[in-house]
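File shown here: coords06.cif, holding mmCIF, C-alpha atoms.
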data_coords
loop_
_atom_site.label_atom_id
_atom_site.label_comp_id
_atom_site.auth_asym_id
_atom_site.auth_seq_id
_atom_site.Cartn_x
_atom_site.Cartn_y
_atom_site.Cartn_z
CA MET A 1 -52.05 48.30 34.37
CA LYS A 2 -51.23 51.16 32.01
CA SER A 3 -48.16 53.18 32.99
CA SER A 4 -48.66 56.87 33.72
CA ARG A 5 -45.07 57.64 32.82
CA PRO A 6 -44.85 60.01 29.80
CA VAL A 7 -43.48 58.67 26.54
CA ALA A 8 -39.88 59.79 25.97
CA PRO A 9 -39.79 62.37 23.15
CA SER A 10 -37.81 61.52 20.01
CA PRO A 11 -35.25 64.13 18.89
CA ALA A 12 -36.44 65.91 15.76
CA ALA A 13 -35.56 68.89 13.57
CA THR A 14 -37.61 71.23 11.41
CA LEU A 15 -36.42 73.55 8.64
CA VAL A 16 -38.57 76.59 7.84
CA LEU A 17 -37.90 77.73 4.28
CA LEU A 18 -38.41 81.36 3.23
CA ARG A 19 -38.45 83.18 -0.09
CA ASP A 20 -39.13 86.78 -1.12
CA ARG A 21 -42.24 87.70 -3.05
CA SER A 22 -42.61 91.27 -4.22
CA PRO A 23 -44.51 93.27 -3.12
CA ALA A 24 -46.16 90.98 -0.53
CA GLY A 25 -42.97 90.37 1.45
CA VAL A 26 -41.64 87.04 2.62
CA GLU A 27 -43.32 83.70 1.97
CA VAL A 28 -43.07 80.60 4.15
CA LEU A 29 -43.23 77.04 2.84
CA LEU A 30 -45.97 74.97 4.48
CA ILE A 31 -46.46 71.30 3.71
CA GLN A 32 -49.53 69.15 4.26
CA ARG A 33 -48.95 65.86 6.03
CA HIS A 34 -50.76 62.78 4.76
CA PRO A 35 -54.23 62.56 6.35
CA ARG A 36 -53.44 59.05 7.63
CA SER A 37 -50.22 60.08 9.38
CA LYS A 38 -50.11 59.04 13.02
CA PHE A 39 -48.83 62.49 13.99
CA ALA A 40 -50.38 65.74 12.69
CA GLY A 41 -52.35 63.92 9.98
CA GLY A 42 -53.71 66.40 7.42
CA ASP A 43 -52.16 69.43 9.14
CA PHE A 44 -49.96 72.00 7.43
CA VAL A 45 -46.55 72.13 9.07
CA PHE A 46 -42.93 72.94 8.22
CA PRO A 47 -40.64 70.28 6.67
CA GLY A 48 -39.03 68.14 9.34
CA GLY A 49 -38.87 64.83 11.16
CA LYS A 50 -36.95 62.59 13.50
CA ILE A 51 -33.17 62.68 13.82
CA GLU A 52 -31.72 59.40 12.58
CA THR A 53 -28.47 57.66 13.43
CA ASP A 54 -27.43 58.25 9.81
CA ASP A 55 -27.51 62.02 10.49
CA MET A 56 -24.42 61.72 12.69
CA PRO A 57 -21.63 59.94 10.73
CA HIS A 58 -18.02 60.45 11.76
CA ASP A 59 -17.34 62.88 8.92
CA ALA A 60 -20.45 65.04 9.49
CA PRO A 61 -18.57 68.06 10.95
CA ALA A 62 -16.24 68.18 7.94
CA ARG A 63 -19.23 68.49 5.61
CA CYS A 64 -21.08 71.13 7.65
CA VAL A 65 -19.98 74.58 6.49
CA GLY A 66 -19.51 77.18 9.21
CA LEU A 67 -20.70 74.92 12.04
CA ALA A 68 -18.25 73.70 14.67
CA PRO A 69 -19.56 70.89 16.90
CA ASP A 70 -18.86 72.86 20.08
CA GLU A 71 -20.80 75.83 18.70
CA ALA A 72 -23.72 73.56 17.78
CA THR A 73 -23.79 72.25 21.36
CA ARG A 74 -23.64 75.79 22.79
CA GLN A 75 -26.55 76.95 20.67
CA LEU A 76 -28.87 74.04 21.32
CA VAL A 77 -28.24 73.59 25.07
CA ASN A 78 -28.93 70.12 26.53
CA ALA A 79 -28.57 68.50 23.11
CA GLY A 80 -26.16 65.85 24.35
CA SER A 81 -22.77 65.40 22.74
CA PRO A 82 -21.34 67.72 20.05
CA ARG A 83 -21.90 64.94 17.53
CA GLU A 84 -25.56 64.71 18.49
CA ALA A 85 -25.93 68.49 18.31
CA VAL A 86 -24.61 68.62 14.73
CA GLY A 87 -27.13 65.91 13.87
CA PHE A 88 -29.99 68.39 14.33
CA TRP A 89 -28.66 70.69 11.59
CA VAL A 90 -28.04 67.71 9.32
CA GLY A 91 -31.44 66.20 10.03
CA ALA A 92 -33.22 69.46 9.26
CA ILE A 93 -31.54 69.72 5.84
CA ARG A 94 -32.03 66.02 5.05
CA GLU A 95 -35.73 66.10 5.94
CA ALA A 96 -36.34 69.13 3.73
CA PHE A 97 -34.61 67.36 0.84
CA GLU A 98 -36.61 64.16 1.30
CA GLU A 99 -40.00 65.80 1.88
CA VAL A 100 -39.96 68.71 -0.58
CA GLY A 101 -36.84 68.18 -2.73
CA ILE A 102 -35.04 71.37 -1.69
CA LEU A 103 -31.36 70.82 -0.87
CA LEU A 104 -29.31 73.36 1.07
CA ALA A 105 -25.88 72.23 -0.05
CA TYR A 106 -22.84 73.62 -1.83
CA GLY A 107 -21.15 72.11 -4.85
CA PRO A 108 -17.38 71.68 -5.22
CA ARG A 109 -17.00 75.37 -6.17
CA GLY A 110 -18.65 76.57 -2.97
CA THR A 111 -21.89 77.80 -4.52
CA PHE A 112 -25.38 76.40 -4.07
CA VAL A 113 -26.07 73.19 -5.94
CA ASP A 114 -26.86 73.98 -9.56
CA VAL A 115 -30.09 72.13 -10.32
CA SER A 116 -29.46 72.46 -14.06
CA ARG A 117 -26.37 70.31 -13.53
CA TYR A 118 -27.46 68.00 -10.72
CA GLY A 119 -31.24 68.06 -11.18
CA GLU A 120 -31.93 64.54 -12.49
CA ARG A 121 -29.35 62.95 -10.21
CA LEU A 122 -30.74 64.77 -7.19
CA GLN A 123 -34.23 63.47 -7.92
CA ALA A 124 -32.89 59.93 -8.13
CA TYR A 125 -31.06 60.37 -4.83
CA ARG A 126 -34.21 61.79 -3.27
CA ARG A 127 -36.28 58.77 -4.29
CA ASP A 128 -33.65 56.45 -2.83
CA CYS A 129 -33.43 58.52 0.38
CA LEU A 130 -37.12 57.95 1.02
CA VAL A 131 -36.34 54.23 1.27
CA ASP A 132 -32.89 54.38 2.88
CA GLY A 133 -31.77 57.50 4.77
CA SER A 134 -28.10 56.53 4.51
CA VAL A 135 -28.27 57.38 0.79
CA PHE A 136 -28.21 61.06 1.78
CA TRP A 137 -24.60 60.80 2.93
CA ARG A 138 -23.63 58.67 -0.04
CA MET A 139 -24.96 61.47 -2.24
CA LEU A 140 -22.90 64.10 -0.41
CA ARG A 141 -19.71 62.07 -0.67
CA ASP A 142 -20.15 60.89 -4.26
CA GLU A 143 -21.14 64.34 -5.54
CA ARG A 144 -18.58 66.18 -3.36
CA LEU A 145 -21.24 68.33 -1.70
CA THR A 146 -21.13 70.13 1.63
CA LEU A 147 -24.15 71.14 3.70
CA ALA A 148 -25.06 74.82 3.89
CA THR A 149 -25.40 74.69 7.67
CA ASP A 150 -24.04 78.26 7.78
CA ARG A 151 -27.34 79.42 6.22
CA LEU A 152 -29.52 77.95 8.99
CA VAL A 153 -30.64 80.07 11.95
CA TYR A 154 -31.78 78.22 15.07
CA PHE A 155 -34.82 79.99 16.48
CA ALA A 156 -37.23 77.74 18.42
CA HIS A 157 -37.41 74.62 20.62
CA TRP A 158 -40.67 72.80 21.31
CA ILE A 159 -41.30 69.56 23.17
CA THR A 160 -44.60 67.73 22.64
CA PRO A 161 -46.80 67.73 25.77
CA GLU A 162 -46.31 64.85 28.19
CA GLU A 163 -49.98 63.94 27.72
CA ASN A 164 -49.44 62.95 24.07
CA PRO A 165 -48.81 59.29 23.10
CA ILE A 166 -46.37 60.38 20.33
CA ARG A 167 -43.81 62.96 21.38
CA PHE A 168 -40.95 64.91 19.78
CA ASP A 169 -38.20 67.13 21.10
CA THR A 170 -37.96 69.46 18.10
CA ARG A 171 -35.41 72.12 17.19
CA PHE A 172 -36.60 74.67 14.63
CA PHE A 173 -34.28 76.23 12.07
CA VAL A 174 -35.00 78.80 9.37
CA ALA A 175 -33.21 79.54 6.09
CA GLU A 176 -33.82 81.19 2.74
CA ALA A 177 -34.61 78.65 0.02
CA PRO A 178 -31.96 78.47 -2.73
CA GLN A 179 -33.01 80.11 -5.98
CA GLY A 180 -33.87 77.75 -8.81
CA GLN A 181 -35.08 74.93 -6.56
CA GLU A 182 -38.80 74.20 -6.54
CA ALA A 183 -40.66 72.47 -3.70
CA SER A 184 -42.62 69.32 -4.49
CA ALA A 185 -44.35 66.87 -2.16
CA ASP A 186 -42.85 63.41 -1.77
CA GLU A 187 -46.41 62.00 -2.14
CA GLN A 188 -45.75 59.65 0.77
CA GLU A 189 -45.60 61.53 4.05
CA ILE A 190 -46.38 64.84 2.32
CA VAL A 191 -49.33 65.36 -0.04
CA GLY A 192 -49.16 69.09 -0.75
CA VAL A 193 -46.97 72.20 -0.54
CA ARG A 194 -47.96 75.88 -0.35
CA TRP A 195 -45.92 79.08 -0.29
CA LEU A 196 -47.83 81.63 1.80
CA THR A 197 -47.08 84.86 3.58
CA VAL A 198 -47.78 84.75 7.31
CA ALA A 199 -50.89 86.86 6.79
CA GLU A 200 -52.12 84.52 4.04
CA ALA A 201 -51.51 81.48 6.24
CA PHE A 202 -53.60 82.92 9.05
CA GLU A 203 -56.33 83.96 6.62
CA ALA A 204 -56.39 80.43 5.17
CA LEU A 205 -56.63 79.09 8.72
CA ARG A 206 -59.52 81.46 9.47
CA ARG A 207 -61.34 80.26 6.35
CA ARG A 208 -60.62 76.65 7.36
CA GLU A 209 -58.73 75.99 4.15
CA ILE A 210 -55.80 74.68 6.16
CA SER A 211 -55.26 73.39 9.69
CA LEU A 212 -52.25 74.50 11.73
CA ARG A 213 -50.82 73.04 14.92
CA PHE A 214 -50.28 75.25 17.93
CA PRO A 215 -46.43 75.40 17.65
CA THR A 216 -46.75 76.21 13.93
CA ILE A 217 -49.04 79.13 14.72
CA ARG A 218 -46.70 80.46 17.37
CA ASN A 219 -43.62 80.13 15.18
CA LEU A 220 -45.31 81.74 12.17
CA LYS A 221 -45.71 84.88 14.27
CA LEU A 222 -41.91 85.03 14.55
CA LEU A 223 -41.46 84.90 10.76
CA GLN A 224 -43.07 88.16 9.71
CA GLY A 225 -40.96 90.65 7.79
CA ALA A 226 -40.48 92.57 4.58
CA SER A 227 -37.87 90.13 3.30
CA ALA A 228 -36.20 86.83 4.09
CA ALA A 229 -33.02 88.70 5.02
CA GLU A 230 -34.95 90.83 7.51
CA VAL A 231 -36.56 87.79 9.14
CA LEU A 232 -33.24 85.95 9.42
CA ALA A 233 -31.46 88.98 10.86
CA GLY A 234 -34.18 89.40 13.46
CA LEU A 235 -33.97 85.79 14.60
CA ASN A 236 -30.20 85.36 14.47
CA GLY A 237 -28.81 85.17 18.00
CA ARG A 238 -32.27 84.97 19.57
CA ILE A 239 -32.40 83.46 23.06
CA VAL A 240 -34.36 80.28 22.44
CA PRO A 241 -36.66 79.16 25.26
CA THR A 242 -37.66 75.53 25.62
CA ILE A 243 -41.46 75.32 25.34
CA ARG A 244 -43.27 72.21 26.50
CA PRO A 245 -47.02 72.88 26.55
CA ARG A 246 -49.34 71.21 29.00
CA VAL A 247 -52.73 70.02 27.73
CA LEU A 248 -55.70 69.90 30.09
CA GLY A 249 -59.04 68.38 29.14
CA GLU A 250 -60.26 67.16 25.77
CA GLY A 251 -62.39 68.40 22.90
CA ALA A 252 -64.22 71.67 23.53
CA THR A 253 -62.81 71.86 27.07
CA ARG A 254 -59.22 71.37 25.93
CA THR A 255 -56.84 74.00 27.31
CA VAL A 256 -53.21 74.50 26.32
CA LEU A 257 -50.94 76.00 28.97
CA LEU A 258 -47.46 77.36 28.31
CA PRO A 259 -44.60 77.87 30.76
CA GLY A 260 -45.47 80.89 32.90
CA ASP A 261 -49.25 80.47 32.55
CA PRO A 262 -51.29 80.07 35.76
CA GLY A 263 -51.71 76.36 36.48
CA TYR A 264 -48.68 75.25 34.49
CA TYR A 265 -47.12 72.56 36.68
#

Now that the file is in, can you turn its structure into structure tokens?
Amino acid sequence: MKSSRPVAPSPAATLVLLRDRSPAGVEVLLIQRHPRSKFAGGDFVFPGGKIETDDMPHDAPARCVGLAPDEATRQLVNAGSPREAVGFWVGAIREAFEEVGILLAYGPRGTFVDVSRYGERLQAYRRDCLVDGSVFWRMLRDERLTLATDRLVYFAHWITPEENPIRFDTRFFVAEAPQGQEASADEQEIVGVRWLTVAEAFEALRRREISLRFPTIRNLKLLQGASAAEVLAGLNGRIVPTIRPRVLGEGATRTVLLPGDPGYY
């Protein structure tokens, strides 16, 4: 007999990357998942994925700039231990590096990684990370890098509906992409990348050029602004509600309910 108990959601982190484009305003990086992916196949989403054990080594706090473990726990709420809380920031940065090749990290001099100096080595590390996630921390230690966790703003928390067979408990972060670093798909989990303004993303959705998941649509609406700095300032310190949609019905009769909607639990 099949159990009716919901699947436990896996902890996950997503990093929304922004960049300025004059005169259109701020652009958001959207990535297309492989059509054969078990979760969100073919959809355009933000870089992200599951938190791994490797995201929480003993020396993680020392390599996270401007992020104390207690502060990470306070911000996330119900994230478990301080060590687990820090893992969400680390996982968000690691996933972005693996999936699109953008690394939010500082070199030994305290400035963003200089791709003209580290470029070829970073690409080699990225390829190895796709096979073994522990390589990410070997890269940080060997290259004397620290993570730019001080640049990330935590702004959303979504839990996949209980009705889904694959579930994630996802924390969303946003940051401005470092200058000089270009996004490229890993050609494994990710098959395409697009920089779009929020308006362009919704227009592409309307024309059916791209498909967007419900949380992506809702979070895109929070990312509108004249510049990346404006968006980040508006989201910094935001009270983050936990949103776990409820899905009723299937196909054309499918209805998504959010906390506070009539009929939600």

*Could you list the residues chosen by the PyMOL selection byres ((chain A and resi 228) around 12) in this structure as a VMD selection string?*
chain A and resid 16 to 22 24 to 28 151 153 174 to 178 197 223 to 227 229 to 235

*Which of these residues is nearest to Phe136 in chain A, using only C-alpha atoms: A:Val113, A:Leu103, A:Ile166, A:Ala201?*
A:Leu103

*Would you kindly return, as a ChimeraX atom specification, each protein, DNA or RNA residue with an atom no farther than 12 Å from any atom of Phe97 in chain A, considering all atoms listed in the file and excluding same-chain residues fewer than 4 positions away?*
/A:14-15,17,47-49,90-93,101-105,122-130,133,135-136,139,147,177-178,181-186

Based on the selection just made, write C-alpha atoms of those residues as a PDB file, in the coordinates of the input.
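Once everything was written out, this is again.pdb:
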ATOM      1  CA  THR A  14     -37.610  71.230  11.410  1.00  0.00           C
ATOM      2  CA  LEU A  15     -36.420  73.550   8.640  1.00  0.00           C
ATOM      3  CA  LEU A  17     -37.900  77.730   4.280  1.00  0.00           C
ATOM      4  CA  PRO A  47     -40.640  70.280   6.670  1.00  0.00           C
ATOM      5  CA  GLY A  48     -39.030  68.140   9.340  1.00  0.00           C
ATOM      6  CA  GLY A  49     -38.870  64.830  11.160  1.00  0.00           C
ATOM      7  CA  VAL A  90     -28.040  67.710   9.320  1.00  0.00           C
ATOM      8  CA  GLY A  91     -31.440  66.200  10.030  1.00  0.00           C
ATOM      9  CA  ALA A  92     -33.220  69.460   9.260  1.00  0.00           C
ATOM     10  CA  ILE A  93     -31.540  69.720   5.840  1.00  0.00           C
ATOM     11  CA  GLY A 101     -36.840  68.180  -2.730  1.00  0.00           C
ATOM     12  CA  ILE A 102     -35.040  71.370  -1.690  1.00  0.00           C
ATOM     13  CA  LEU A 103     -31.360  70.820  -0.870  1.00  0.00           C
ATOM     14  CA  LEU A 104     -29.310  73.360   1.070  1.00  0.00           C
ATOM     15  CA  ALA A 105     -25.880  72.230  -0.050  1.00  0.00           C
ATOM     16  CA  LEU A 122     -30.740  64.770  -7.190  1.00  0.00           C
ATOM     17  CA  GLN A 123     -34.230  63.470  -7.920  1.00  0.00           C
ATOM     18  CA  ALA A 124     -32.890  59.930  -8.130  1.00  0.00           C
ATOM     19  CA  TYR A 125     -31.060  60.370  -4.830  1.00  0.00           C
ATOM     20  CA  ARG A 126     -34.210  61.790  -3.270  1.00  0.00           C
ATOM     21  CA  ARG A 127     -36.280  58.770  -4.290  1.00  0.00           C
ATOM     22  CA  ASP A 128     -33.650  56.450  -2.830  1.00  0.00           C
ATOM     23  CA  CYS A 129     -33.430  58.520   0.380  1.00  0.00           C
ATOM     24  CA  LEU A 130     -37.120  57.950   1.020  1.00  0.00           C
ATOM     25  CA  GLY A 133     -31.770  57.500   4.770  1.00  0.00           C
ATOM     26  CA  VAL A 135     -28.270  57.380   0.790  1.00  0.00           C
ATOM     27  CA  PHE A 136     -28.210  61.060   1.780  1.00  0.00           C
ATOM     28  CA  MET A 139     -24.960  61.470  -2.240  1.00  0.00           C
ATOM     29  CA  LEU A 147     -24.150  71.140   3.700  1.00  0.00           C
ATOM     30  CA  ALA A 177     -34.610  78.650   0.020  1.00  0.00           C
ATOM     31  CA  PRO A 178     -31.960  78.470  -2.730  1.00  0.00           C
ATOM     32  CA  GLN A 181     -35.080  74.930  -6.560  1.00  0.00           C
ATOM     33  CA  GLU A 182     -38.800  74.200  -6.540  1.00  0.00           C
ATOM     34  CA  ALA A 183     -40.660  72.470  -3.700  1.00  0.00           C
ATOM     35  CA  SER A 184     -42.620  69.320  -4.490  1.00  0.00           C
ATOM     36  CA  ALA A 185     -44.350  66.870  -2.160  1.00  0.00           C
ATOM     37  CA  ASP A 186     -42.850  63.410  -1.770  1.00  0.00           C
TER      38      ASP A 186
END

Please report, as a tab-separated table, each residue of range 103-214 of chain A lying at most 10 Å from range 7-12 of chain A, together with the nearest pair of atoms and the separation in Å rounded to one decimal; use only C-alpha atoms, and order rows by chain and ascending residue number.
residue	atom	partner	partner_atom	distance
A:Trp158	CA	A:Ala12	CA	9.8
A:Ile159	CA	A:Pro9	CA	7.3
A:Thr160	CA	A:Pro9	CA	7.2
A:Pro161	CA	A:Pro9	CA	9.2
A:Glu162	CA	A:Val7	CA	7.0
A:Glu163	CA	A:Val7	CA	8.5
A:Asn164	CA	A:Val7	CA	7.7
A:Pro165	CA	A:Val7	CA	6.4
A:Ile166	CA	A:Val7	CA	7.1
A:Arg167	CA	A:Pro9	CA	4.4
A:Phe168	CA	A:Pro9	CA	4.4
A:Asp169	CA	A:Pro11	CA	4.8
A:Thr170	CA	A:Ala12	CA	4.5
A:Arg171	CA	A:Ala12	CA	6.5
A:Phe172	CA	A:Ala12	CA	8.8

*When you draw a straight line from CA of Ala60 in chain A to CA of Asn78 in chain A, how long is it in Å?*
19.7 Å

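For the atom pair formed by CA of Glu84 in chain A and CA of Glu98 in chain A, the distance is 20.4 Å, given to one decimal.
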
*Residue neighbourhood range 33-36 of chain A, 10 Å, all atoms listed in the file, exclusion window fewer than 2 positions, as a PyMOL selection string*: chain A and resi 30-31+38-47+99+185+187-193

*What does the distance between CA of Ile239 in chain A and CA of Phe155 in chain A come to in Å, to one decimal place?*
7.8 Å

*Excluding same-chain residues fewer than 2 positions from Phe202 in chain A, what lies within 12 Å of it counting only C-alpha atoms, as JSON, numbers by chain?*
{"A": [28, 30, 44, 196, 197, 198, 199, 200, 204, 205, 206, 207, 208, 209, 210, 211, 212, 213, 216, 217, 218, 220, 221, 224]}

Writing out the chosen residues with C-alpha atoms as an mmCIF file, keeping the file's coordinate frame:
data_model
loop_
_atom_site.group_PDB
_atom_site.id
_atom_site.type_symbol
_atom_site.label_atom_id
_atom_site.label_comp_id
_atom_site.auth_asym_id
_atom_site.auth_seq_id
_atom_site.Cartn_x
_atom_site.Cartn_y
_atom_site.Cartn_z
ATOM 1 C CA VAL A 28 -43.070 80.600 4.150
ATOM 2 C CA LEU A 30 -45.970 74.970 4.480
ATOM 3 C CA PHE A 44 -49.960 72.000 7.430
ATOM 4 C CA LEU A 196 -47.830 81.630 1.800
ATOM 5 C CA THR A 197 -47.080 84.860 3.580
ATOM 6 C CA VAL A 198 -47.780 84.750 7.310
ATOM 7 C CA ALA A 199 -50.890 86.860 6.790
ATOM 8 C CA GLU A 200 -52.120 84.520 4.040
ATOM 9 C CA ALA A 204 -56.390 80.430 5.170
ATOM 10 C CA LEU A 205 -56.630 79.090 8.720
ATOM 11 C CA ARG A 206 -59.520 81.460 9.470
ATOM 12 C CA ARG A 207 -61.340 80.260 6.350
ATOM 13 C CA ARG A 208 -60.620 76.650 7.360
ATOM 14 C CA GLU A 209 -58.730 75.990 4.150
ATOM 15 C CA ILE A 210 -55.800 74.680 6.160
ATOM 16 C CA SER A 211 -55.260 73.390 9.690
ATOM 17 C CA LEU A 212 -52.250 74.500 11.730
ATOM 18 C CA ARG A 213 -50.820 73.040 14.920
ATOM 19 C CA THR A 216 -46.750 76.210 13.930
ATOM 20 C CA ILE A 217 -49.040 79.130 14.720
ATOM 21 C CA ARG A 218 -46.700 80.460 17.370
ATOM 22 C CA LEU A 220 -45.310 81.740 12.170
ATOM 23 C CA LYS A 221 -45.710 84.880 14.270
ATOM 24 C CA GLN A 224 -43.070 88.160 9.710
#

Six-sided padding of 4 Å per side, axis-aligned box over range 59-71 of chain A, centre and edges in Å, one decimal, as AutoDock Vina command-line options:
--center_x -18.7 --center_y 70.0 --center_z 12.8 --size_x 12.8 --size_y 22.3 --size_z 22.5

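Using all atoms listed in the file, the smallest distance between any of A:Phe112, A:Trp195, A:Trp89, A:Phe214 and Tyr154 in chain A comes from A:Trp89.
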
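In this comparison, which uses only C-alpha atoms, the residue of A:Gly260, A:Glu203, A:Phe88, A:Gln32 approaching Val100 in chain A most closely is A:Gln32.
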